[in-house]
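For reference, the structure is listed below as structure tokens.
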Number of protein chains: 2
Amino acid sequence: MGTQERKEREREALRELIIQTALVIVETEGLESLTMRAIADRIEYSQSKIYAFFPSKDALCAVLCQDNCEKMLEILKKVPLTDSPEKDLKKLVLKTMEFHASHPHSDELLTEVCFGKKPQEIPKAFLEIEKLFIAALTKLKSPHIRSNEDLQAALDIIRCIFIGVSSLMRAKVSKEGHKRGLLMAENTLDVLLRGWNHE
Amino acid sequence: MGTQERKEREREALRELIIQTALVIVETEGLESLTMRAIADRIEYSQSKIYAFFPSKDALCAVLCQDNCEKMLEILKKVPLTDSPEKDLKKLVLKTMEFHASHPHSDELLTEVCFGKKPQEIPKAFLEIEKLFIAALTKLKSPHIRSNEDLQAALDIIRCIFIGVSSLMRAKVSKEGHKRGLLMAENTLDVLLRGWNHE
């Protein structure tokens, strides 16, 4: 391996270490605790080393969100599709909810990056995930989901459920809270599906 | 006015100043930024003065939450009830949503205090607010809301909407976001009401 190549590999390894460390901080202490200093302290590098990779916390968050979305997409792509869009939608919602449950604050990261004040590039994987939900929602053939606007409204509703349930699950960190959260998401979707399916 | 009485009044005025300052910090900077030091700096008193009133941030948060719940209850009690539980529920949801919209992070405060890890005394006003929602939900005579458990699940769903919409509104601080949030809550409730009303 040439010197150039080795340097490149080391660089890539450090970048990955920064990302994984940042994800641990977000998941254990929340988005507010994520600072360049906190990362530098943990990996014992100078802050300037981290800034060389990520010019700002926003830039770092965008990459973290992308990382999460890619993991989520991997999981959601494996959901076997059936003849029933209701069942498919339920599976997609529950799998997403499980991801948020086992990755605390990942919902906040997503909200911050994809719907936040500062315009960021939406991760491609996020758009792919949206497509899966759009496909299932469209297949419902709901009389209430016809226009593109209806579809966006339906996506908004599902998003609210993810955020609301994640937040309540985070408040009660117990396993009990986790199980209750998944049940809450399922109950909500049942009501929504009836609401979408009826005239 | 006797010395004792004057002292009592001054004490009460300082307590109120601490509460209002804390609320401003929460609404402008978020729950994480609320520290005894931040309050002390703003009102130019020593931290120990504040600790004399509130032994911990949790104790202070419980009082702030109570304050918010009382304001909310005042607003919700004024909602004129009609013959239509659907309309009543919609009004209650929208009024609550408007409150959260004009008091950023009030939903987080509520989640933290009423559903958080550390057991806190639930504000009486919060229970009164729940009663208003329970009354409207019961009046729906939904075939899906029969047991006490169903009722709790329905309250959970409504809570998720408040949290989810508030969070998305906070992400986009613009007036546009505010209006879109209220519409989002209304759309969601429409779907939920159909879902509750149909077999």
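Each chain in the structure tokens gets a letter, A, B, ..., in the order shown, and its residues are numbered from 1; ligands are numbered from 1 in order too.
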>> Need the shell around Lys118 (chain B): protein/DNA/RNA residues with any atom at most 12 Å away, counting only C-alpha atoms. Skip same-chain ones fewer than 3 positions apart. Format as a VMD selection string?
In response: (chain A and resid 171 to 174) or (chain B and resid 57 to 59 61 to 62 111 to 115 121 to 122)
Could you list, with a cut-off of 10 Å and counting only C-alpha atoms, the residues of chain A near chain B, each shown with its nearest atom pair and the distance in Å rounded to one decimal, rows sorted by chain and ascending number, as a tab-separated table?
```
residue	atom	partner	partner_atom	distance
A:Gly30	CA	B:Glu32	CA	10.0
A:Glu32	CA	B:Glu32	CA	7.4
A:Ser33	CA	B:Glu32	CA	9.3
A:Glu108	CA	B:Ser167	CA	8.6
A:Thr111	CA	B:Ala171	CA	6.8
A:Glu112	CA	B:Ala171	CA	6.2
A:Val113	CA	B:Ala171	CA	9.1
A:Cys114	CA	B:Ala171	CA	9.2
A:Phe115	CA	B:Ala171	CA	6.1
A:Gly116	CA	B:Ala171	CA	4.5
A:Lys117	CA	B:Lys172	CA	5.2
A:Lys118	CA	B:Lys172	CA	8.8
A:His144	CA	B:Val191	CA	8.7
A:Asp150	CA	B:Asn187	CA	9.5
A:Ala153	CA	B:Met184	CA	7.0
A:Ala154	CA	B:Thr188	CA	8.1
A:Asp156	CA	B:Met184	CA	7.1
A:Ile157	CA	B:Thr188	CA	6.0
A:Ile158	CA	B:Thr188	CA	9.3
A:Arg159	CA	B:Gly164	CA	7.3
A:Cys160	CA	B:Gly164	CA	4.0
A:Ile161	CA	B:Cys160	CA	5.9
A:Phe162	CA	B:Gly164	CA	7.4
A:Ile163	CA	B:Gly164	CA	4.9
A:Gly164	CA	B:Cys160	CA	4.0
A:Val165	CA	B:Cys160	CA	5.9
A:Ser166	CA	B:Cys160	CA	9.0
A:Ser167	CA	B:Ile163	CA	7.5
A:Leu168	CA	B:Thr111	CA	6.9
A:Met169	CA	B:Phe115	CA	9.1
A:Arg170	CA	B:Gly116	CA	8.2
A:Ala171	CA	B:Gly116	CA	4.5
A:Lys172	CA	B:Lys117	CA	5.2
A:Val173	CA	B:Lys117	CA	6.8
A:Ser174	CA	B:Lys117	CA	8.4
A:Gly181	CA	B:Asp156	CA	9.7
A:Leu183	CA	B:Ala153	CA	9.2
A:Met184	CA	B:Ala153	CA	7.0
A:Ala185	CA	B:Ile157	CA	8.3
A:Asn187	CA	B:Ala153	CA	7.3
A:Thr188	CA	B:Ile157	CA	5.9
A:Leu189	CA	B:Leu192	CA	9.3
A:Asp190	CA	B:Gly195	CA	7.8
A:Val191	CA	B:Gly195	CA	4.6
A:Leu192	CA	B:Leu192	CA	5.5
A:Leu193	CA	B:Gly195	CA	6.9
A:Arg194	CA	B:Gly195	CA	4.4
A:Gly195	CA	B:Gly195	CA	3.7
A:Trp196	CA	B:Val191	CA	6.2
A:Asn197	CA	B:Gly195	CA	8.4
A:His198	CA	B:Arg194	CA	7.1
A:Glu199	CA	B:Arg194	CA	8.3
```
>> For Pro123 (chain A), find every residue with an atom within 12 Å (counting only C-alpha atoms), except residues of its own chain fewer than 5 positions away, and show them as a PyMOL selection string.
In response: chain A and resi 61-73+110+113-115+128-130
If you keep all heavy atoms, can you produce a file of those selected residues as a compact mmCIF listing (two decimals), in the first residue's frame?
```txt
# COMPACT_ATOMS: atom_id res chain seq x y z
N CYS A 61 -24.39 17.23 11.58
CA CYS A 61 -25.74 16.68 11.79
C CYS A 61 -26.31 16.14 10.48
O CYS A 61 -26.98 15.10 10.48
CB CYS A 61 -26.67 17.75 12.36
SG CYS A 61 -26.44 17.98 14.12
N ALA A 62 -26.06 16.85 9.40
CA ALA A 62 -26.57 16.40 8.10
C ALA A 62 -26.00 15.02 7.77
O ALA A 62 -26.72 14.15 7.27
CB ALA A 62 -26.22 17.42 7.02
N VAL A 63 -24.72 14.82 8.07
CA VAL A 63 -24.08 13.52 7.79
C VAL A 63 -24.63 12.43 8.73
O VAL A 63 -24.89 11.31 8.31
CB VAL A 63 -22.54 13.64 7.92
CG1 VAL A 63 -21.89 12.27 7.82
CG2 VAL A 63 -22.00 14.56 6.83
N LEU A 64 -24.83 12.79 10.01
CA LEU A 64 -25.40 11.83 10.97
C LEU A 64 -26.79 11.40 10.53
O LEU A 64 -27.16 10.22 10.59
CB LEU A 64 -25.50 12.44 12.37
CG LEU A 64 -24.21 12.89 13.04
CD1 LEU A 64 -24.49 13.35 14.45
CD2 LEU A 64 -23.17 11.78 13.04
N CYS A 65 -27.57 12.38 10.09
CA CYS A 65 -28.93 12.10 9.65
C CYS A 65 -28.90 11.19 8.43
O CYS A 65 -29.68 10.23 8.33
CB CYS A 65 -29.64 13.41 9.34
SG CYS A 65 -31.31 13.20 8.76
N GLN A 66 -27.97 11.47 7.55
CA GLN A 66 -27.82 10.64 6.34
C GLN A 66 -27.49 9.20 6.75
O GLN A 66 -28.10 8.24 6.25
CB GLN A 66 -26.69 11.22 5.50
CG GLN A 66 -26.53 10.55 4.15
CD GLN A 66 -25.29 11.08 3.43
OE1 GLN A 66 -24.91 12.24 3.60
NE2 GLN A 66 -24.66 10.23 2.66
N ASP A 67 -26.58 9.07 7.69
CA ASP A 67 -26.18 7.75 8.19
C ASP A 67 -27.40 7.00 8.74
O ASP A 67 -27.63 5.84 8.42
CB ASP A 67 -25.14 7.97 9.31
CG ASP A 67 -24.25 6.77 9.52
OD1 ASP A 67 -23.31 6.61 8.73
OD2 ASP A 67 -24.52 5.98 10.46
N ASN A 68 -28.17 7.68 9.57
CA ASN A 68 -29.37 7.07 10.14
C ASN A 68 -30.38 6.68 9.06
O ASN A 68 -30.97 5.60 9.10
CB ASN A 68 -30.06 8.03 11.12
CG ASN A 68 -29.51 7.87 12.52
OD1 ASN A 68 -28.91 6.85 12.86
ND2 ASN A 68 -29.72 8.88 13.35
N CYS A 69 -30.57 7.59 8.10
CA CYS A 69 -31.55 7.32 7.04
C CYS A 69 -31.12 6.10 6.22
O CYS A 69 -31.96 5.29 5.82
CB CYS A 69 -31.71 8.53 6.13
SG CYS A 69 -32.66 9.85 6.89
N GLU A 70 -29.82 5.97 5.99
CA GLU A 70 -29.34 4.82 5.22
C GLU A 70 -29.61 3.51 5.97
O GLU A 70 -30.04 2.52 5.38
CB GLU A 70 -27.85 4.97 4.90
CG GLU A 70 -27.64 5.90 3.70
CD GLU A 70 -26.21 6.41 3.56
OE1 GLU A 70 -25.33 5.93 4.29
OE2 GLU A 70 -26.00 7.32 2.71
N LYS A 71 -29.36 3.54 7.29
CA LYS A 71 -29.65 2.35 8.10
C LYS A 71 -31.14 2.02 8.06
O LYS A 71 -31.56 0.87 7.93
CB LYS A 71 -29.23 2.58 9.56
CG LYS A 71 -27.74 2.53 9.82
CD LYS A 71 -27.48 2.75 11.33
CE LYS A 71 -26.08 3.31 11.57
NZ LYS A 71 -26.01 4.11 12.80
N MET A 72 -31.95 3.06 8.19
CA MET A 72 -33.41 2.88 8.19
C MET A 72 -33.88 2.31 6.86
O MET A 72 -34.69 1.39 6.81
CB MET A 72 -34.09 4.23 8.44
CG MET A 72 -34.83 4.29 9.76
SD MET A 72 -35.93 5.71 9.80
CE MET A 72 -34.81 7.02 10.16
N LEU A 73 -33.34 2.89 5.77
CA LEU A 73 -33.74 2.43 4.44
C LEU A 73 -33.42 0.95 4.25
O LEU A 73 -34.22 0.20 3.70
CB LEU A 73 -33.03 3.28 3.38
CG LEU A 73 -33.35 2.94 1.92
CD1 LEU A 73 -34.84 3.09 1.64
CD2 LEU A 73 -32.53 3.81 0.96
N LEU A 110 -33.55 14.00 12.57
CA LEU A 110 -34.26 14.02 11.29
C LEU A 110 -35.06 15.31 11.13
O LEU A 110 -35.02 15.96 10.08
CB LEU A 110 -35.20 12.82 11.24
CG LEU A 110 -35.66 12.35 9.87
CD1 LEU A 110 -34.52 11.67 9.15
CD2 LEU A 110 -36.83 11.39 10.00
N VAL A 113 -32.66 18.28 10.58
CA VAL A 113 -31.99 18.33 9.28
C VAL A 113 -32.99 18.49 8.13
O VAL A 113 -32.82 19.34 7.26
CB VAL A 113 -31.12 17.08 9.05
CG1 VAL A 113 -30.56 17.05 7.62
CG2 VAL A 113 -29.98 17.06 10.05
N CYS A 114 -34.06 17.68 8.16
CA CYS A 114 -34.96 17.67 7.00
C CYS A 114 -36.05 18.74 7.08
O CYS A 114 -36.61 19.11 6.05
CB CYS A 114 -35.60 16.30 6.84
SG CYS A 114 -34.38 15.02 6.52
N PHE A 115 -36.39 19.20 8.29
CA PHE A 115 -37.47 20.19 8.39
C PHE A 115 -37.05 21.41 9.18
O PHE A 115 -37.90 22.16 9.66
CB PHE A 115 -38.70 19.55 9.02
CG PHE A 115 -39.09 18.27 8.37
CD1 PHE A 115 -38.75 17.05 8.92
CD2 PHE A 115 -39.75 18.31 7.16
CE1 PHE A 115 -39.07 15.87 8.28
CE2 PHE A 115 -40.07 17.13 6.51
CZ PHE A 115 -39.73 15.91 7.07
N GLU A 128 -35.82 8.19 -0.45
CA GLU A 128 -36.15 6.80 -0.80
C GLU A 128 -37.16 6.22 0.21
O GLU A 128 -38.08 5.49 -0.15
CB GLU A 128 -34.89 5.93 -0.81
CG GLU A 128 -33.93 6.23 -1.95
CD GLU A 128 -34.56 6.00 -3.31
OE1 GLU A 128 -35.20 4.95 -3.48
OE2 GLU A 128 -34.44 6.87 -4.19
N ILE A 129 -36.94 6.54 1.48
CA ILE A 129 -37.87 6.08 2.53
C ILE A 129 -39.26 6.67 2.29
O ILE A 129 -40.27 5.98 2.35
CB ILE A 129 -37.35 6.49 3.93
CG1 ILE A 129 -36.07 5.73 4.27
CG2 ILE A 129 -38.41 6.25 5.00
CD1 ILE A 129 -35.36 6.21 5.52
N GLU A 130 -39.28 7.97 1.98
CA GLU A 130 -40.56 8.62 1.71
C GLU A 130 -41.29 7.91 0.56
O GLU A 130 -42.51 7.74 0.61
CB GLU A 130 -40.35 10.10 1.35
CG GLU A 130 -40.20 10.98 2.57
CD GLU A 130 -40.75 12.38 2.34
OE1 GLU A 130 -40.58 12.90 1.23
OE2 GLU A 130 -41.35 12.95 3.28
```
> Just how far from CA of Leu140 (chain B) is CA of Leu155 (chain B), in Å to one decimal?
Replying inline: 13.3 Å
> What lies within 8 Å of Ala136 (chain B) using only C-alpha atoms, ignoring chain neighbours under 6 positions off, as a list in words?
Replying inline: Pro85, Glu86, Asp88 and Leu89 of chain B
>> If you run DSSP on the backbone here, which positions in region 34-174 of chain B get alpha helix (DSSP H)? Please write them as JSON, numbers by chain.
In response: {"B": [36, 37, 38, 39, 40, 41, 42, 43, 47, 48, 49, 50, 51, 52, 53, 57, 58, 59, 60, 61, 62, 63, 64, 65, 66, 67, 68, 69, 70, 71, 72, 73, 74, 75, 76, 77, 85, 86, 87, 88, 89, 90, 91, 92, 93, 94, 95, 96, 97, 98, 99, 100, 101, 102, 106, 107, 108, 109, 110, 111, 112, 113, 114, 115, 124, 125, 126, 127, 128, 129, 130, 131, 132, 133, 134, 135, 136, 137, 138, 139, 148, 149, 150, 151, 152, 153, 154, 155, 156, 157, 158, 159, 160, 161, 162, 163, 164, 165, 166, 167, 168, 169, 170, 171]}
>> Could you tell me how far CA of Met36 (chain A) sits from CA of Thr21 (chain A), in Å to one decimal place?
In response: 10.6 Å
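Distance annotation: of B:Leu132, B:Leu182, B:Ile18, B:Leu127, the residue with the minimal separation from Lys49 (chain B) is B:Ile18; atom set is only C-alpha atoms.
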